[in-house]
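Inspection log for the structure reproduced underneath, given as structure tokens.
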Amino acid sequence: VAQRAFVIGLDVGGTKIEGILVDKAKNQVAACRAAMDATSVERVVESIAAAIQTLLDSANLMQESLAGIGVGIPGQVLEGVVHLAVNLKMERYPLEEELTRRFASPVRVENDVRIAALGVYQRLFGAGQIRHLAYLSVGTGISAGVILDGRLHRGVGGMAGEIGHVQVDPRGARCGCGAYGCLEAFASGSGMVASARKALVEGRPSVLAEIDPSILTTHQLFAAAAGGDTLAGEIVKTAARYISQALQWLVMGYDVERVALGGGVLRSRDVMTPAVLRAIQRLRESSLLAAHMLPEDKIVLLPEDFNPGVWGAAGLI
Ligand SMILES: [Zn+2]
């Protein structure tokens, strides 16, 4: 029996868990995708433990075969303690300690987007190809992760890259964090849907008016934009402009070699991604400096079937 030769990487979300089991050479041996029961902290921990067990079972391995487990969590994580993860109902929860106890293996817990940056860095750019990378994730929320000099930059509180809550327009909608007009309120999936809902309630004409606003999705919003709907098109264009600006903050703030774009919203390759690329092009045309700092080959789109979160989690070990 191979001794401690395998690593598990988990990407934990509010509704699902994705995971991989890899060998020492980081070849994928097994993968899983499971539903997350986020009704209580106990259920969340059980869901995570079940995903780990599923991966072990599918490769016929005992926990003694594990060199370690890396876990990405959507929230603030410091030294293995989940300080706050609203979607997982966790507050000051010692997840690293709990999983270490259960599986008798080294466990590392980190913020999900920070380790996704690590996953992009390690998997898309082999060792030493580049030294500085920013990863911008646009999904239900917006966040970034930064690799500087080949290392994940966490900051003093593990918050480095948490740019979704930078206020971009104080006249904007109220954000979940309490402030008005955060980047997320305009440009995240949930922010765009909320913007559409508000406009529909105010009586703006749109094909979306035929849909029950309470079940409106980004998918429907993007379809409406693709079909030429004015309201949907405006929301997409505004979001794309703010996303291009966020990308510019990262490039100007850290002077990275590459900036990678990922997350659920940017998986919309026919609507959202082209809108963002057009917005970046407008930035280039507006300024020689922007054109110099944002050349086309600096912007990287993730391969569609690549989940950087699970690879970054496995890379923690
Ligand atoms: Zn906010």
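Residue numbering restarts at 1 in every chain; chains get A, B, ... in the order shown in the structure tokens, and ligands count up from 1 in that same order.
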With a cut-off of 8 Å, could you pull out the residues of segment 219-317 of chain A touching segment 191-205 of chain A and give me the nearest pair of atoms for each, distance in Å to one decimal, using only C-alpha atoms, ordered by chain and ascending number, as a tab-separated table?
residue	atom	partner	partner_atom	distance
A:Leu221	CA	A:Val193	CA	7.3
A:Leu231	CA	A:Arg204	CA	7.5
A:Ala232	CA	A:Ala196	CA	7.1
A:Ile235	CA	A:Met192	CA	6.4
A:Val236	CA	A:Met192	CA	7.5
A:Ala239	CA	A:Met192	CA	7.2
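With only C-alpha atoms and all ligand atoms as the atoms that count, the set of residues no farther than 9 Å from ligand 1 is Gly164, His165, Val166, Gln167, Arg174, Cys175, Gly176, Cys177, Gly178, Ala179, Tyr180, Gly181, Cys182, Leu183, Glu184 and Ala185 of chain A.
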Would you mind writing down, as a list in words, each residue of segment 149-222 of chain A that DSSP on the backbone assigns to strand (DSSP E or B)? Arg151, Leu152, His153, Gln167, Arg174, Tyr180 and Cys182 of chain A
Suppose you want the space between atom CA of Asp112 of chain A and atom CA of Gly309 of chain A; what is it in Å?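 Atom CA of Gly309 of chain A lies at a distance of 6.3 Å from atom CA of Asp112 of chain A.
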A:Ala117, A:Ala59, A:Leu208, A:Ile243: which is nearest Val29 of chain A, counting only C-alpha atoms?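 With only C-alpha atoms as the atom set, the closest residue is A:Ala59.
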Residue neighbourhood segment 286-289 of chain A, 12 Å, only C-alpha atoms, exclusion window fewer than 6 positions, as an NGL selection string: :A and (248 or 251-252 or 279-280 or 295)
With all heavy atoms retained, could you export that selection as a PDB file, in the first residue's frame?
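Contents of selection-v8.pdb, freshly written:
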ATOM      1  N   GLN A 248      -8.333  46.328 -14.211  1.00  0.00           N
ATOM      2  CA  GLN A 248      -7.312  47.384 -14.295  1.00  0.00           C
ATOM      3  C   GLN A 248      -6.737  47.705 -12.913  1.00  0.00           C
ATOM      4  O   GLN A 248      -5.538  47.917 -12.774  1.00  0.00           O
ATOM      5  CB  GLN A 248      -7.917  48.634 -14.932  1.00  0.00           C
ATOM      6  CG  GLN A 248      -6.873  49.672 -15.310  1.00  0.00           C
ATOM      7  CD  GLN A 248      -7.492  50.914 -15.931  1.00  0.00           C
ATOM      8  OE1 GLN A 248      -8.633  51.267 -15.636  1.00  0.00           O
ATOM      9  NE2 GLN A 248      -6.743  51.581 -16.787  1.00  0.00           N
ATOM     10  N   VAL A 251      -4.181  45.048 -12.204  1.00  0.00           N
ATOM     11  CA  VAL A 251      -2.969  45.186 -13.009  1.00  0.00           C
ATOM     12  C   VAL A 251      -2.149  46.389 -12.545  1.00  0.00           C
ATOM     13  O   VAL A 251      -0.925  46.305 -12.413  1.00  0.00           O
ATOM     14  CB  VAL A 251      -3.335  45.304 -14.508  1.00  0.00           C
ATOM     15  CG1 VAL A 251      -2.136  45.704 -15.336  1.00  0.00           C
ATOM     16  CG2 VAL A 251      -3.919  43.989 -15.011  1.00  0.00           C
ATOM     17  N   MET A 252      -2.823  47.508 -12.270  1.00  0.00           N
ATOM     18  CA  MET A 252      -2.091  48.698 -11.840  1.00  0.00           C
ATOM     19  C   MET A 252      -1.605  48.556 -10.392  1.00  0.00           C
ATOM     20  O   MET A 252      -0.557  49.056 -10.025  1.00  0.00           O
ATOM     21  CB  MET A 252      -2.969  49.953 -11.959  1.00  0.00           C
ATOM     22  CG  MET A 252      -3.453  50.273 -13.365  1.00  0.00           C
ATOM     23  SD  MET A 252      -2.143  50.414 -14.604  1.00  0.00           S
ATOM     24  CE  MET A 252      -1.403  51.979 -14.147  1.00  0.00           C
ATOM     25  N   ALA A 279     -15.044  46.008 -23.170  1.00  0.00           N
ATOM     26  CA  ALA A 279     -14.815  47.079 -22.180  1.00  0.00           C
ATOM     27  C   ALA A 279     -13.315  47.285 -21.951  1.00  0.00           C
ATOM     28  O   ALA A 279     -12.856  48.419 -21.801  1.00  0.00           O
ATOM     29  CB  ALA A 279     -15.527  46.742 -20.871  1.00  0.00           C
ATOM     30  N   ILE A 280     -12.556  46.189 -21.938  1.00  0.00           N
ATOM     31  CA  ILE A 280     -11.097  46.306 -21.787  1.00  0.00           C
ATOM     32  C   ILE A 280     -10.517  47.038 -23.002  1.00  0.00           C
ATOM     33  O   ILE A 280      -9.646  47.903 -22.875  1.00  0.00           O
ATOM     34  CB  ILE A 280     -10.430  44.916 -21.625  1.00  0.00           C
ATOM     35  CG1 ILE A 280     -10.930  44.227 -20.356  1.00  0.00           C
ATOM     36  CG2 ILE A 280      -8.904  45.051 -21.593  1.00  0.00           C
ATOM     37  CD1 ILE A 280     -10.563  42.744 -20.278  1.00  0.00           C
ATOM     38  N   PRO A 295      -2.180  44.710 -22.412  1.00  0.00           N
ATOM     39  CA  PRO A 295      -2.111  44.106 -23.749  1.00  0.00           C
ATOM     40  C   PRO A 295      -2.924  42.813 -23.780  1.00  0.00           C
ATOM     41  O   PRO A 295      -3.173  42.212 -22.733  1.00  0.00           O
ATOM     42  CB  PRO A 295      -0.616  43.817 -23.932  1.00  0.00           C
ATOM     43  CG  PRO A 295      -0.096  43.661 -22.552  1.00  0.00           C
ATOM     44  CD  PRO A 295      -0.898  44.600 -21.691  1.00  0.00           C
TER      45      PRO A 295
END
Tell me which of A:Glu79, A:Asp11, A:Glu91, A:Glu257 sits closest to Ile52 of chain A, counting only C-alpha atoms. A:Asp11
Could you give me, as a tab-separated table (two decimals) with N, CA and C atoms, in the first residue's frame, each residue of segment 28-184 of chain A that DSSP assigns to alpha helix (DSSP H) when run on this structure's backbone?
chain	number	residue	atom	x	y	z
A	41	VAL	N	-24.05	24.41	10.63
A	41	VAL	CA	-22.60	24.16	10.60
A	41	VAL	C	-22.33	22.66	10.63
A	42	GLU	N	-23.08	21.93	11.45
A	42	GLU	CA	-22.87	20.49	11.57
A	42	GLU	C	-23.09	19.80	10.21
A	43	ARG	N	-24.17	20.20	9.53
A	43	ARG	CA	-24.47	19.60	8.22
A	43	ARG	C	-23.37	19.94	7.21
A	44	VAL	N	-22.87	21.17	7.27
A	44	VAL	CA	-21.80	21.58	6.36
A	44	VAL	C	-20.57	20.68	6.56
A	45	VAL	N	-20.20	20.49	7.83
A	45	VAL	CA	-19.02	19.66	8.12
A	45	VAL	C	-19.27	18.22	7.69
A	46	GLU	N	-20.49	17.72	7.90
A	46	GLU	CA	-20.82	16.36	7.45
A	46	GLU	C	-20.73	16.26	5.93
A	47	SER	N	-21.20	17.30	5.21
A	47	SER	CA	-21.14	17.28	3.75
A	47	SER	C	-19.69	17.24	3.27
A	48	ILE	N	-18.83	18.02	3.92
A	48	ILE	CA	-17.42	18.06	3.55
A	48	ILE	C	-16.78	16.69	3.82
A	49	ALA	N	-17.07	16.14	5.01
A	49	ALA	CA	-16.49	14.84	5.38
A	49	ALA	C	-16.97	13.75	4.42
A	50	ALA	N	-18.25	13.83	4.02
A	50	ALA	CA	-18.80	12.83	3.08
A	50	ALA	C	-18.10	12.92	1.73
A	51	ALA	N	-17.79	14.14	1.27
A	51	ALA	CA	-17.11	14.30	-0.02
A	51	ALA	C	-15.71	13.68	0.05
A	52	ILE	N	-15.03	13.89	1.17
A	52	ILE	CA	-13.68	13.30	1.34
A	52	ILE	C	-13.78	11.78	1.31
A	53	GLN	N	-14.76	11.24	2.03
A	53	GLN	CA	-14.93	9.79	2.08
A	53	GLN	C	-15.27	9.23	0.70
A	54	THR	N	-16.12	9.95	-0.04
A	54	THR	CA	-16.49	9.52	-1.40
A	54	THR	C	-15.24	9.40	-2.28
A	55	LEU	N	-14.36	10.40	-2.18
A	55	LEU	CA	-13.14	10.38	-3.00
A	55	LEU	C	-12.25	9.20	-2.60
A	56	LEU	N	-12.11	8.97	-1.29
A	56	LEU	CA	-11.30	7.84	-0.83
A	56	LEU	C	-11.89	6.52	-1.33
A	57	ASP	N	-13.22	6.37	-1.17
A	57	ASP	CA	-13.89	5.13	-1.59
A	57	ASP	C	-13.75	4.88	-3.08
A	58	SER	N	-13.88	5.95	-3.88
A	58	SER	CA	-13.87	5.74	-5.32
A	58	SER	C	-12.50	5.31	-5.82
A	95	LEU	N	-12.28	24.75	11.37
A	95	LEU	CA	-12.52	23.67	10.41
A	95	LEU	C	-11.28	22.80	10.20
A	96	GLU	N	-10.12	23.45	10.16
A	96	GLU	CA	-8.88	22.69	9.93
A	96	GLU	C	-8.68	21.65	11.05
A	97	GLU	N	-8.88	22.10	12.27
A	97	GLU	CA	-8.72	21.22	13.44
A	97	GLU	C	-9.73	20.07	13.40
A	98	GLU	N	-10.98	20.40	13.07
A	98	GLU	CA	-12.04	19.38	13.05
A	98	GLU	C	-11.77	18.31	11.99
A	99	LEU	N	-11.36	18.74	10.79
A	99	LEU	CA	-11.11	17.76	9.72
A	99	LEU	C	-9.84	16.96	9.99
A	100	THR	N	-8.84	17.60	10.60
A	100	THR	CA	-7.61	16.89	10.97
A	100	THR	C	-7.94	15.76	11.95
A	101	ARG	N	-8.81	16.06	12.90
A	101	ARG	CA	-9.21	15.08	13.91
A	101	ARG	C	-9.93	13.91	13.24
A	102	ARG	N	-10.84	14.23	12.31
A	102	ARG	CA	-11.64	13.17	11.69
A	102	ARG	C	-10.84	12.28	10.75
A	103	PHE	N	-9.88	12.85	10.04
A	103	PHE	CA	-9.22	12.07	8.99
A	103	PHE	C	-7.76	11.76	9.30
A	112	ASP	N	-11.58	30.39	-0.78
A	112	ASP	CA	-11.72	29.70	-2.07
A	112	ASP	C	-11.12	30.45	-3.27
A	113	VAL	N	-11.31	31.77	-3.31
A	113	VAL	CA	-10.79	32.50	-4.48
A	113	VAL	C	-9.27	32.66	-4.40
A	114	ARG	N	-8.77	32.86	-3.16
A	114	ARG	CA	-7.31	32.93	-3.00
A	114	ARG	C	-6.66	31.64	-3.51
A	115	ILE	N	-7.23	30.49	-3.13
A	115	ILE	CA	-6.57	29.25	-3.59
A	115	ILE	C	-6.88	28.96	-5.05
A	116	ALA	N	-7.99	29.50	-5.57
A	116	ALA	CA	-8.23	29.35	-7.01
A	116	ALA	C	-7.12	30.06	-7.78
A	117	ALA	N	-6.68	31.20	-7.26
A	117	ALA	CA	-5.55	31.91	-7.89
A	117	ALA	C	-4.32	31.00	-7.91
A	118	LEU	N	-4.12	30.30	-6.80
A	118	LEU	CA	-3.01	29.36	-6.71
A	118	LEU	C	-3.17	28.23	-7.74
A	119	GLY	N	-4.40	27.75	-7.89
A	119	GLY	CA	-4.69	26.69	-8.86
A	119	GLY	C	-4.41	27.14	-10.28
A	120	VAL	N	-4.81	28.37	-10.61
A	120	VAL	CA	-4.55	28.92	-11.95
A	120	VAL	C	-3.04	29.00	-12.16
A	121	TYR	N	-2.36	29.52	-11.15
A	121	TYR	CA	-0.92	29.72	-11.24
A	121	TYR	C	-0.18	28.39	-11.45
A	122	GLN	N	-0.54	27.41	-10.64
A	122	GLN	CA	0.19	26.14	-10.69
A	122	GLN	C	-0.16	25.29	-11.91
A	123	ARG	N	-1.45	25.32	-12.32
A	123	ARG	CA	-1.89	24.42	-13.39
A	123	ARG	C	-1.76	25.02	-14.78
A	124	LEU	N	-2.05	26.32	-14.91
A	124	LEU	CA	-2.00	26.92	-16.25
A	124	LEU	C	-0.62	27.44	-16.60
A	183	LEU	N	-18.80	47.20	-6.00
A	183	LEU	CA	-18.55	46.54	-7.28
A	183	LEU	C	-19.51	45.36	-7.47
A	184	GLU	N	-19.67	44.54	-6.42
A	184	GLU	CA	-20.56	43.37	-6.50
A	184	GLU	C	-21.99	43.74	-6.82
Nearest to Gly150 of chain A: which of A:Thr238, A:Gln63, A:Leu216, A:Val256 is it, counting only C-alpha atoms? A:Val256
Excluding Arg241 of chain A and any residue of its chain fewer than 3 positions from it, enumerate the residues within 12 Å of it, using only C-alpha atoms, and give them as a list in words. Val168, Leu183, Phe186, Ala187, Glu234, Ile235, Val236, Lys237, Thr238, Ser244, Gln245, Ala246, Leu247, Gln248, Met272, Thr273, Pro274, Ala275, Val276, Leu277, Arg278, Ala279, Ile280, Gln281, Arg282 and Leu283 of chain A
